[in-house]
file upload_36.cif (mmCIF, C-alpha atoms)
data_final
#
loop_
_atom_site.label_atom_id
_atom_site.label_comp_id
_atom_site.auth_asym_id
_atom_site.auth_seq_id
_atom_site.Cartn_x
_atom_site.Cartn_y
_atom_site.Cartn_z
CA MET A 1 86.52 145.79 119.54
CA SER A 2 88.93 147.35 117.06
CA ALA A 3 87.82 148.37 113.56
CA GLN A 4 90.21 145.77 112.14
CA ALA A 5 88.66 143.02 114.25
CA ALA A 6 85.19 144.14 113.23
CA ARG A 7 86.16 143.84 109.54
CA ALA A 8 87.71 140.38 109.97
CA PRO A 9 85.71 137.82 108.00
CA SER A 10 84.03 135.09 109.97
CA PRO A 11 85.69 131.69 109.56
CA GLN A 12 84.16 129.54 106.84
CA PRO A 13 82.80 126.14 107.84
CA PRO A 14 84.79 123.13 106.60
CA ILE A 15 83.63 121.87 103.22
CA LEU A 16 84.11 118.25 104.26
CA LEU A 17 83.15 116.98 107.70
CA ARG A 18 84.82 113.90 109.15
CA GLU A 19 83.34 111.75 111.91
CA ILE A 20 84.15 108.32 113.32
CA VAL A 21 81.19 106.15 114.36
CA GLY A 22 82.60 103.00 115.90
CA SER A 23 84.76 101.52 113.16
CA VAL A 24 83.05 103.51 110.38
CA ALA A 25 84.38 106.80 108.98
CA VAL A 26 81.66 109.19 107.86
CA LEU A 27 82.61 111.85 105.31
CA THR A 28 79.94 114.53 104.85
CA LEU A 29 79.94 116.97 101.94
CA ASN A 30 79.30 120.36 103.53
CA ARG A 31 78.71 122.94 100.80
CA PRO A 32 74.90 123.03 100.96
CA ALA A 33 74.66 126.55 99.52
CA ALA A 34 76.56 125.33 96.45
CA ARG A 35 74.54 122.09 96.31
CA ASN A 36 77.67 120.25 97.44
CA SER A 37 79.29 120.71 94.06
CA LEU A 38 82.66 119.01 93.65
CA SER A 39 85.02 121.96 93.64
CA GLU A 40 88.76 121.48 93.27
CA ALA A 41 89.10 121.77 97.05
CA MET A 42 86.30 119.27 97.69
CA ILE A 43 87.83 116.74 95.31
CA GLY A 44 91.21 117.17 97.00
CA GLN A 45 89.84 116.79 100.51
CA LEU A 46 87.79 113.73 99.59
CA HIS A 47 90.83 112.08 98.02
CA ALA A 48 93.05 112.89 101.01
CA SER A 49 90.43 111.55 103.42
CA LEU A 50 90.10 108.32 101.46
CA ASN A 51 93.87 107.86 101.56
CA ALA A 52 93.84 108.42 105.33
CA ILE A 53 91.03 105.87 105.78
CA ALA A 54 93.01 103.33 103.76
CA GLU A 55 95.92 103.62 106.20
CA ASP A 56 93.86 103.61 109.42
CA LYS A 57 93.54 100.04 110.72
CA HIS A 58 90.84 101.07 113.16
CA ILE A 59 88.48 102.07 110.33
CA ARG A 60 86.79 99.13 108.63
CA ALA A 61 84.26 100.90 106.38
CA ALA A 62 83.29 104.37 105.18
CA VAL A 63 80.12 106.34 104.44
CA ILE A 64 79.88 109.34 102.12
CA ALA A 65 76.92 111.57 103.00
CA ALA A 66 75.96 115.21 102.43
CA ASN A 67 74.33 118.15 104.20
CA GLY A 68 71.52 120.20 102.70
CA PRO A 69 68.81 119.40 100.14
CA ALA A 70 71.21 118.09 97.46
CA PHE A 71 73.65 115.20 97.70
CA SER A 72 75.86 116.73 94.99
CA ALA A 73 75.20 118.74 91.85
CA GLY A 74 78.44 117.56 90.25
CA HIS A 75 81.35 119.74 89.19
CA ASP A 76 81.46 123.36 90.30
CA LEU A 77 80.55 124.99 86.98
CA LYS A 78 81.20 128.52 88.27
CA GLU A 79 84.74 127.50 89.24
CA LEU A 80 85.29 125.94 85.82
CA THR A 81 83.78 128.86 83.89
CA ALA A 82 86.04 131.34 85.69
CA ARG A 83 89.02 129.77 83.89
CA ARG A 84 87.66 130.63 80.44
CA THR A 85 89.79 133.78 80.66
CA ASP A 86 93.02 131.74 80.85
CA PRO A 87 95.30 132.06 77.78
CA ASP A 88 94.30 128.53 76.73
CA ARG A 89 90.59 129.22 77.49
CA GLY A 90 90.87 126.89 80.48
CA ARG A 91 91.94 123.71 78.69
CA ALA A 92 94.80 122.88 81.09
CA TYR A 93 92.67 123.56 84.16
CA PHE A 94 89.75 121.53 82.83
CA ALA A 95 92.09 118.60 82.16
CA HIS A 96 93.52 118.96 85.67
CA ILE A 97 90.07 118.91 87.32
CA MET A 98 88.79 115.96 85.29
CA THR A 99 91.96 113.98 86.00
CA ALA A 100 91.84 114.82 89.72
CA CYS A 101 88.16 113.91 89.98
CA SER A 102 88.70 110.64 88.11
CA ALA A 103 91.58 109.77 90.45
CA MET A 104 89.38 110.44 93.48
CA MET A 105 86.60 108.24 92.12
CA GLN A 106 89.11 105.45 91.49
CA ALA A 107 90.40 105.86 95.05
CA ILE A 108 86.93 104.83 96.25
CA VAL A 109 87.04 101.69 94.13
CA ARG A 110 90.62 100.88 95.18
CA LEU A 111 90.03 101.55 98.87
CA PRO A 112 90.52 98.19 100.63
CA LYS A 113 87.38 98.90 102.67
CA PRO A 114 83.72 99.16 101.62
CA VAL A 115 82.27 102.60 100.91
CA VAL A 116 78.54 103.29 101.27
CA ALA A 117 76.81 106.35 99.80
CA ALA A 118 73.97 107.94 101.80
CA VAL A 119 71.91 109.94 99.29
CA GLN A 120 69.31 112.30 100.69
CA GLY A 121 68.53 114.44 97.62
CA ILE A 122 69.48 115.02 94.01
CA ALA A 123 72.73 113.49 92.76
CA THR A 124 73.56 114.85 89.33
CA ALA A 125 76.46 114.52 86.88
CA ALA A 126 79.65 113.95 88.91
CA GLY A 127 77.40 113.67 91.98
CA CYS A 128 75.71 110.69 90.35
CA GLN A 129 79.20 109.44 89.44
CA LEU A 130 80.16 109.63 93.11
CA VAL A 131 77.20 107.43 94.07
CA ALA A 132 77.98 104.96 91.29
CA SER A 133 81.63 104.80 92.37
CA CYS A 134 80.70 103.71 95.90
CA ASP A 135 80.44 99.99 96.59
CA LEU A 136 76.96 100.30 98.09
CA ALA A 137 74.32 103.03 98.15
CA ILE A 138 71.36 103.85 100.38
CA ALA A 139 68.87 106.35 98.96
CA SER A 140 66.16 108.39 100.61
CA GLU A 141 62.68 108.16 99.09
CA ALA A 142 63.24 111.82 98.16
CA ALA A 143 66.50 111.17 96.27
CA SER A 144 66.83 111.39 92.51
CA PHE A 145 69.63 110.84 90.04
CA ALA A 146 70.58 112.39 86.71
CA THR A 147 73.40 112.89 84.23
CA PRO A 148 72.09 116.11 82.65
CA GLY A 149 75.25 117.41 81.02
CA VAL A 150 73.72 116.97 77.58
CA ASP A 151 71.27 119.77 78.46
CA ILE A 152 74.10 122.30 78.74
CA GLY A 153 76.22 121.00 75.87
CA LEU A 154 78.59 119.04 78.09
CA PHE A 155 78.05 115.28 77.80
CA CYS A 156 78.61 113.48 81.13
CA SER A 157 81.53 111.46 79.79
CA THR A 158 83.39 110.87 83.05
CA PRO A 159 80.18 110.13 85.03
CA MET A 160 79.38 107.71 82.20
CA VAL A 161 82.32 105.49 83.21
CA ALA A 162 80.95 104.76 86.68
CA LEU A 163 77.30 104.78 85.60
CA SER A 164 77.82 102.26 82.80
CA ARG A 165 79.56 99.91 85.23
CA ASN A 166 76.52 99.98 87.54
CA VAL A 167 73.45 99.83 85.32
CA PRO A 168 72.54 98.12 82.02
CA ARG A 169 73.66 99.90 78.85
CA LYS A 170 70.22 100.93 77.59
CA GLN A 171 69.33 102.50 80.95
CA ALA A 172 72.69 104.25 81.17
CA MET A 173 72.34 105.63 77.64
CA GLU A 174 68.82 106.85 78.38
CA MET A 175 70.05 108.80 81.39
CA LEU A 176 73.04 110.18 79.46
CA LEU A 177 71.14 111.13 76.29
CA THR A 178 68.01 112.60 77.86
CA GLY A 179 69.45 114.11 81.04
CA GLU A 180 66.13 113.35 82.74
CA PRO A 181 66.28 112.61 86.47
CA ILE A 182 65.11 109.25 87.74
CA PRO A 183 63.52 108.74 91.17
CA ALA A 184 64.99 106.54 93.86
CA ALA A 185 62.64 103.65 93.03
CA ARG A 186 63.84 103.58 89.43
CA ALA A 187 67.46 103.87 90.55
CA ARG A 188 66.97 100.75 92.63
CA GLU A 189 65.29 98.92 89.76
CA ILE A 190 68.28 99.44 87.48
CA GLY A 191 70.87 98.72 90.16
CA LEU A 192 72.24 102.17 90.90
CA VAL A 193 71.30 101.94 94.60
CA ASN A 194 70.81 99.02 96.96
CA ARG A 195 68.04 100.17 99.27
CA ILE A 196 65.47 102.93 99.66
CA VAL A 197 64.62 104.24 103.11
CA PRO A 198 62.30 106.93 104.50
CA ALA A 199 63.58 110.48 104.03
CA GLY A 200 65.82 111.55 106.88
CA THR A 201 66.97 108.03 107.77
CA GLU A 202 69.42 107.43 104.91
CA ARG A 203 72.52 108.42 106.90
CA GLU A 204 71.72 106.09 109.80
CA ALA A 205 70.82 103.29 107.37
CA ALA A 206 74.10 103.71 105.50
CA ILE A 207 76.10 103.65 108.74
CA ALA A 208 74.21 100.54 109.86
CA LEU A 209 74.99 98.79 106.57
CA ALA A 210 78.65 99.83 106.82
CA GLN A 211 78.79 98.55 110.40
CA GLN A 212 77.29 95.24 109.29
CA VAL A 213 80.11 94.76 106.76
CA ALA A 214 82.67 96.02 109.30
CA LEU A 215 81.94 92.95 111.44
CA LYS A 216 83.51 90.71 108.80
CA SER A 217 87.20 89.93 108.45
CA ALA A 218 88.89 93.05 107.07
CA TYR A 219 91.38 90.87 105.21
CA THR A 220 88.61 88.91 103.52
CA VAL A 221 86.67 92.06 102.58
CA LYS A 222 89.82 93.67 101.15
CA LEU A 223 90.62 90.58 99.10
CA GLY A 224 87.05 90.21 97.88
CA LYS A 225 86.52 93.85 96.93
CA GLU A 226 89.73 93.98 94.92
CA ALA A 227 88.87 90.71 93.15
CA PHE A 228 85.32 91.89 92.39
CA TYR A 229 86.46 94.94 90.44
CA ARG A 230 89.38 93.19 88.75
CA GLN A 231 87.37 90.24 87.43
CA ALA A 232 84.65 92.55 86.11
CA GLU A 233 87.10 93.84 83.48
CA MET A 234 88.18 90.34 82.36
CA SER A 235 86.85 87.75 79.95
CA LEU A 236 84.88 84.87 81.47
CA ALA A 237 87.83 82.47 81.39
CA GLU A 238 90.24 85.06 82.76
CA ALA A 239 87.79 85.99 85.49
CA TYR A 240 87.44 82.39 86.65
CA ARG A 241 91.21 81.90 86.54
CA HIS A 242 91.77 85.01 88.64
CA ALA A 243 88.95 84.14 91.06
CA ALA A 244 90.36 80.64 91.58
CA GLU A 245 93.73 82.15 92.45
CA VAL A 246 92.10 84.54 94.90
CA MET A 247 90.06 81.74 96.49
CA THR A 248 93.20 79.66 96.93
CA GLU A 249 95.03 82.58 98.54
CA ASN A 250 91.99 83.26 100.73
CA MET A 251 91.83 79.62 101.87
CA MET A 252 95.41 79.89 103.13
CA ALA A 253 94.55 82.92 105.27
CA ARG A 254 94.27 82.58 109.03
CA ASP A 255 90.79 84.16 109.03
CA ALA A 256 89.45 81.61 106.53
CA GLU A 257 90.77 78.79 108.68
CA GLU A 258 89.22 80.39 111.76
CA GLY A 259 85.92 81.20 110.02
CA ILE A 260 85.44 77.72 108.59
CA GLY A 261 86.41 76.14 111.91
CA ALA A 262 83.97 78.38 113.77
CA PHE A 263 81.19 77.51 111.30
CA ILE A 264 81.77 73.77 111.76
CA ALA A 265 81.97 74.16 115.55
CA LYS A 266 78.92 76.46 115.56
CA ARG A 267 80.69 79.30 117.38
CA THR A 268 81.40 82.95 116.63
CA PRO A 269 84.70 83.46 114.75
CA THR A 270 87.45 85.67 116.14
CA TRP A 271 89.02 87.68 113.33
CA ARG A 272 92.65 88.72 113.23
CA ASP A 273 92.32 90.38 109.82
CA GLU A 274 95.04 88.19 108.35
#
call {"tool": "encode", "arguments": {"input": "upload_36.cif", "output": "structure tokens"}}
result
Amino acid sequence: MSAQAARAPSPQPPILLREIVGSVAVLTLNRPAARNSLSEAMIGQLHASLNAIAEDKHIRAAVIAANGPAFSAGHDLKELTARRTDPDRGRAYFAHIMTACSAMMQAIVRLPKPVVAAVQGIATAAGCQLVASCDLAIASEAASFATPGVDIGLFCSTPMVALSRNVPRKQAMEMLLTGEPIPAARAREIGLVNRIVPAGTEREAAIALAQQVALKSAYTVKLGKEAFYRQAEMSLAEAYRHAAEVMTENMMARDAEEGIGAFIAKRTPTWRDE
């Protein structure tokens, strides 16, 4: 072996793993040594993968999981701090990262397919935001959740957006103002996660839940998910008006006709996703 070959650095493992399980795409955060912090590269790869899932007709649902003891510790503070030496003390870079991360979180909400979080450990700050941005969440008994930015002088303002749309205001404010972590049981009580499972089974449980939803008409799920998030931002009257329009459109779909006919005839429907 040459001296040059001996000095060659070993290839770094990918920071985001991608796997297809049936019709479910599994994205696994793979920076365990950095507690799966959301670096610029991680944010970019997550966003690109979500865009690819949106375009792939063979994928009907997605799971976001993580390797290591932590689900995600939020933004990569070392990466951010390194830009303090920029002429503007990092302002432009900080704005870029926050905008990119916000766009990635919104891509989860706008994805026309359900996204399930599989949380095995601590999910803090933007890591908690990632869980809250997913449509559904399965948590290990060992998982915990926190928005502890206030402890380091950096209020979790962007995580606040997703958190406050998942849990009641008083509970969200308590998490944001105290920074104290809450266990999985409390997270379920306030609506941040759907189910709690034994430690080590959260990934399989999340895939099973995703596969359950994947059996439904993809057209109906797409229509319903979009309507769910849109009506949530409307007044009561506007929400009902919009929902009635969506229901009417849905009734005209081939899958609604097939599904209702199958229900009446007591047979299994055959979806065409249209």
call {"tool": "resolve_selection", "arguments": {"input": "upload_36.cif", "expression": "the PyMOL selection byres ((chain A and resi 197-211) around 10)", "output": "PyMOL selection string"}}
result
chain A and resi 21-26+28+60-66+113-121+136-143+184+195-196+212-216
call {"tool": "atom_distance", "arguments": {"input": "upload_36.cif", "atom1": "CA of Leu154 in chain A", "atom2": "CA of Asn194 in chain A"}}
result
28.6 Å
call {"tool": "closest_residue", "arguments": {"input": "upload_36.cif", "among": "A:Lys266, A:Arg241, A:His47, A:Arg18", "to": "Gln106 in chain A", "atoms": "only C-alpha atoms"}}
result
A:His47
call {"tool": "atom_distance", "arguments": {"input": "upload_36.cif", "atom1": "CA of Glu79 in chain A", "atom2": "CA of Ser39 in chain A"}}
result
7.1 Å
call {"tool": "resolve_selection", "arguments": {"input": "upload_36.cif", "expression": "the PyMOL selection byres ((chain A and resi 257) around 12)", "output": "tab-separated table (two decimals) with C-alpha atoms, in the frame of the given file"}}
result
chain	number	residue	atom	x	y	z
A	217	SER	CA	87.20	89.93	108.45
A	220	THR	CA	88.61	88.91	103.52
A	249	GLU	CA	95.03	82.58	98.54
A	250	ASN	CA	91.99	83.26	100.73
A	251	MET	CA	91.83	79.62	101.87
A	252	MET	CA	95.41	79.89	103.13
A	253	ALA	CA	94.55	82.92	105.27
A	254	ARG	CA	94.27	82.58	109.03
A	255	ASP	CA	90.79	84.16	109.03
A	256	ALA	CA	89.45	81.61	106.53
A	258	GLU	CA	89.22	80.39	111.76
A	259	GLY	CA	85.92	81.20	110.02
A	260	ILE	CA	85.44	77.72	108.59
A	261	GLY	CA	86.41	76.14	111.91
A	262	ALA	CA	83.97	78.38	113.77
A	263	PHE	CA	81.19	77.51	111.30
A	264	ILE	CA	81.77	73.77	111.76
A	269	PRO	CA	84.70	83.46	114.75
A	270	THR	CA	87.45	85.67	116.14
A	271	TRP	CA	89.02	87.68	113.33
A	272	ARG	CA	92.65	88.72	113.23
A	273	ASP	CA	92.32	90.38	109.82
A	274	GLU	CA	95.04	88.19	108.35
call {"tool": "resolve_selection", "arguments": {"input": "upload_36.cif", "expression": "the PyMOL selection byres ((chain A and resi 37) around 7)", "output": "short mmCIF file (atom, residue, chain, number, x, y, z; two decimals) with C-alpha atoms, in the frame of the given file"}}
result
data_model
loop_
_atom_site.label_atom_id
_atom_site.label_comp_id
_atom_site.auth_asym_id
_atom_site.auth_seq_id
_atom_site.Cartn_x
_atom_site.Cartn_y
_atom_site.Cartn_z
CA ALA A 34 76.56 125.33 96.45
CA ARG A 35 74.54 122.09 96.31
CA ASN A 36 77.67 120.25 97.44
CA LEU A 38 82.66 119.01 93.65
CA SER A 39 85.02 121.96 93.64
CA SER A 72 75.86 116.73 94.99
CA ALA A 73 75.20 118.74 91.85
CA GLY A 74 78.44 117.56 90.25
CA HIS A 75 81.35 119.74 89.19
CA ASP A 76 81.46 123.36 90.30
#
call {"tool": "closest_residue", "arguments": {"input": "upload_36.cif", "among": "A:Ile97, A:Ala41, A:Ala187, A:Ala126", "to": "Pro14 in chain A", "atoms": "only C-alpha atoms"}}
result
A:Ala41
call {"tool": "atom_distance", "arguments": {"input": "upload_36.cif", "atom1": "CA of Met98 in chain A", "atom2": "CA of Asp135 in chain A"}}
result
21.3 Å
call {"tool": "residues_near_point", "arguments": {"input": "upload_36.cif", "point": "(76.2, 99.9, 82.2)", "cutoff": "12 Å", "atoms": "only C-alpha atoms", "output": "ChimeraX atom specification"}}
result
/A:132,159-176,190-192,232
call {"tool": "write_last_selection", "arguments": {"input": "upload_36.cif", "atoms": "C-alpha atoms", "output": "PDB file, in the coordinates of the input"}}
result
ATOM      1  CA  ALA A 132      77.980 104.960  91.290  1.00  0.00           C
ATOM      2  CA  PRO A 159      80.180 110.130  85.030  1.00  0.00           C
ATOM      3  CA  MET A 160      79.380 107.710  82.200  1.00  0.00           C
ATOM      4  CA  VAL A 161      82.320 105.490  83.210  1.00  0.00           C
ATOM      5  CA  ALA A 162      80.950 104.760  86.680  1.00  0.00           C
ATOM      6  CA  LEU A 163      77.300 104.780  85.600  1.00  0.00           C
ATOM      7  CA  SER A 164      77.820 102.260  82.800  1.00  0.00           C
ATOM      8  CA  ARG A 165      79.560  99.910  85.230  1.00  0.00           C
ATOM      9  CA  ASN A 166      76.520  99.980  87.540  1.00  0.00           C
ATOM     10  CA  VAL A 167      73.450  99.830  85.320  1.00  0.00           C
ATOM     11  CA  PRO A 168      72.540  98.120  82.020  1.00  0.00           C
ATOM     12  CA  ARG A 169      73.660  99.900  78.850  1.00  0.00           C
ATOM     13  CA  LYS A 170      70.220 100.930  77.590  1.00  0.00           C
ATOM     14  CA  GLN A 171      69.330 102.500  80.950  1.00  0.00           C
ATOM     15  CA  ALA A 172      72.690 104.250  81.170  1.00  0.00           C
ATOM     16  CA  MET A 173      72.340 105.630  77.640  1.00  0.00           C
ATOM     17  CA  GLU A 174      68.820 106.850  78.380  1.00  0.00           C
ATOM     18  CA  MET A 175      70.050 108.800  81.390  1.00  0.00           C
ATOM     19  CA  LEU A 176      73.040 110.180  79.460  1.00  0.00           C
ATOM     20  CA  ILE A 190      68.280  99.440  87.480  1.00  0.00           C
ATOM     21  CA  GLY A 191      70.870  98.720  90.160  1.00  0.00           C
ATOM     22  CA  LEU A 192      72.240 102.170  90.900  1.00  0.00           C
ATOM     23  CA  ALA A 232      84.650  92.550  86.110  1.00  0.00           C
TER      24      ALA A 232
END
call {"tool": "residues_near_point", "arguments": {"input": "upload_36.cif", "point": "(69.4, 117.1, 75.1)", "cutoff": "10 Å", "atoms": "all atoms listed in the file", "output": "PyMOL selection string"}}
result
chain A and resi 148-155+176-180
call {"tool": "write_last_selection", "arguments": {"input": "upload_36.cif", "atoms": "C-alpha atoms", "output": "PDB file, in the coordinates of the input"}}
result
ATOM      1  CA  PRO A 148      72.090 116.110  82.650  1.00  0.00           C
ATOM      2  CA  GLY A 149      75.250 117.410  81.020  1.00  0.00           C
ATOM      3  CA  VAL A 150      73.720 116.970  77.580  1.00  0.00           C
ATOM      4  CA  ASP A 151      71.270 119.770  78.460  1.00  0.00           C
ATOM      5  CA  ILE A 152      74.100 122.300  78.740  1.00  0.00           C
ATOM      6  CA  GLY A 153      76.220 121.000  75.870  1.00  0.00           C
ATOM      7  CA  LEU A 154      78.590 119.040  78.090  1.00  0.00           C
ATOM      8  CA  PHE A 155      78.050 115.280  77.800  1.00  0.00           C
ATOM      9  CA  LEU A 176      73.040 110.180  79.460  1.00  0.00           C
ATOM     10  CA  LEU A 177      71.140 111.130  76.290  1.00  0.00           C
ATOM     11  CA  THR A 178      68.010 112.600  77.860  1.00  0.00           C
ATOM     12  CA  GLY A 179      69.450 114.110  81.040  1.00  0.00           C
ATOM     13  CA  GLU A 180      66.130 113.350  82.740  1.00  0.00           C
TER      14      GLU A 180
END
call {"tool": "axis_aligned_box", "arguments": {"input": "upload_36.cif", "around": "range 23-26 of chain A", "padding_each_side": "4 Å", "output": "lines of an AutoDock Vina configuration file"}}
result
center_x = 83.2
center_y = 105.4
center_z = 110.5
size_x = 11.1
size_y = 15.7
size_z = 13.3
call {"tool": "closest_residue", "arguments": {"input": "upload_36.cif", "among": "A:Tyr229, A:Tyr240, A:Tyr219, A:Phe145", "to": "Ala70 in chain A", "atoms": "only C-alpha atoms"}}
result
A:Phe145
call {"tool": "closest_residue", "arguments": {"input": "upload_36.cif", "among": "A:Gly90, A:Ala125, A:Asn30, A:Val109", "to": "Arg230 in chain A", "atoms": "all atoms listed in the file"}}
result
A:Val109
call {"tool": "residues_around", "arguments": {"input": "upload_36.cif", "residues": "Pro13 in chain A", "least_positions_apart": "3", "cutoff": "12 Å", "atoms": "all atoms listed in the file", "output": "number ranges by chain"}}
result
A: 10, 16-17, 29-33
call {"tool": "write_last_selection", "arguments": {"input": "upload_36.cif", "atoms": "C-alpha atoms", "output": "short mmCIF file (atom, residue, chain, number, x, y, z; two decimals), keeping the file's coordinate frame"}}
result
data_model
loop_
_atom_site.label_atom_id
_atom_site.label_comp_id
_atom_site.auth_asym_id
_atom_site.auth_seq_id
_atom_site.Cartn_x
_atom_site.Cartn_y
_atom_site.Cartn_z
CA SER A 10 84.03 135.09 109.97
CA LEU A 16 84.11 118.25 104.26
CA LEU A 17 83.15 116.98 107.70
CA LEU A 29 79.94 116.97 101.94
CA ASN A 30 79.30 120.36 103.53
CA ARG A 31 78.71 122.94 100.80
CA PRO A 32 74.90 123.03 100.96
CA ALA A 33 74.66 126.55 99.52
#
call {"tool": "closest_residue", "arguments": {"input": "upload_36.cif", "among": "A:Thr85, A:Thr248, A:Thr124, A:Ser102", "to": "Thr158 in chain A", "atoms": "only C-alpha atoms"}}
result
A:Ser102
call {"tool": "decode", "arguments": {"input": "upload_36.cif", "residues": "range 82-89 of chain A", "atoms": "all heavy atoms", "output": "tab-separated table (two decimals), in the first residue's frame"}}
result
chain	number	residue	atom	x	y	z
A	82	ALA	N	-19.65	28.69	14.21
A	82	ALA	CA	-18.46	28.90	13.36
A	82	ALA	C	-18.62	30.10	12.45
A	82	ALA	O	-17.62	30.66	11.98
A	82	ALA	CB	-18.20	27.64	12.54
A	83	ARG	N	-19.85	30.54	12.19
A	83	ARG	CA	-20.07	31.68	11.29
A	83	ARG	C	-20.07	33.02	12.02
A	83	ARG	O	-20.30	34.07	11.40
A	83	ARG	CB	-21.39	31.49	10.54
A	83	ARG	CG	-21.45	30.21	9.73
A	83	ARG	CD	-20.30	30.08	8.73
A	83	ARG	NE	-20.43	31.00	7.63
A	83	ARG	CZ	-20.93	30.69	6.43
A	83	ARG	NH1	-21.33	29.45	6.20
A	83	ARG	NH2	-21.02	31.59	5.49
A	84	ARG	N	-19.81	33.00	13.32
A	84	ARG	CA	-19.71	34.25	14.07
A	84	ARG	C	-18.56	35.12	13.58
A	84	ARG	O	-18.54	36.33	13.79
A	84	ARG	CB	-19.50	33.96	15.56
A	84	ARG	CG	-20.69	33.34	16.27
A	84	ARG	CD	-21.75	34.35	16.57
A	84	ARG	NE	-22.79	33.81	17.45
A	84	ARG	CZ	-23.93	34.41	17.70
A	84	ARG	NH1	-24.20	35.59	17.12
A	84	ARG	NH2	-24.82	33.87	18.50
A	85	THR	N	-17.59	34.50	12.90
A	85	THR	CA	-16.44	35.25	12.39
A	85	THR	C	-16.72	35.89	11.04
A	85	THR	O	-15.87	36.60	10.50
A	85	THR	CB	-15.22	34.32	12.27
A	85	THR	OG1	-15.55	33.22	11.42
A	85	THR	CG2	-14.80	33.80	13.64
A	86	ASP	N	-17.89	35.65	10.46
A	86	ASP	CA	-18.25	36.31	9.20
A	86	ASP	C	-18.32	37.82	9.41
A	86	ASP	O	-18.55	38.29	10.55
A	86	ASP	CB	-19.62	35.80	8.70
A	86	ASP	CG	-19.57	34.36	8.23
A	86	ASP	OD1	-18.47	33.76	8.24
A	86	ASP	OD2	-20.63	33.83	7.85
A	87	PRO	N	-18.12	38.61	8.36
A	87	PRO	CA	-18.18	40.08	8.50
A	87	PRO	C	-19.47	40.58	9.14
A	87	PRO	O	-19.46	41.58	9.86
A	87	PRO	CB	-18.06	40.56	7.05
A	87	PRO	CG	-17.28	39.49	6.36
A	87	PRO	CD	-17.73	38.21	7.00
A	88	ASP	N	-20.59	39.87	8.90
A	88	ASP	CA	-21.87	40.29	9.48
A	88	ASP	C	-22.20	39.51	10.75
A	88	ASP	O	-23.34	39.49	11.19
A	88	ASP	CB	-22.99	40.13	8.46
A	88	ASP	CG	-23.22	38.67	8.05
A	88	ASP	OD1	-22.40	37.81	8.46
A	88	ASP	OD2	-24.21	38.40	7.35
A	89	ARG	N	-21.17	38.87	11.34
A	89	ARG	CA	-21.31	38.05	12.55
A	89	ARG	C	-22.25	36.86	12.35
A	89	ARG	O	-22.77	36.30	13.29
A	89	ARG	CB	-21.75	38.90	13.74
A	89	ARG	CG	-20.76	39.98	14.14
A	89	ARG	CD	-21.19	40.79	15.35
A	89	ARG	NE	-21.50	39.93	16.49
A	89	ARG	CZ	-22.70	39.86	17.09
A	89	ARG	NH1	-23.71	40.57	16.63
A	89	ARG	NH2	-22.88	39.07	18.13
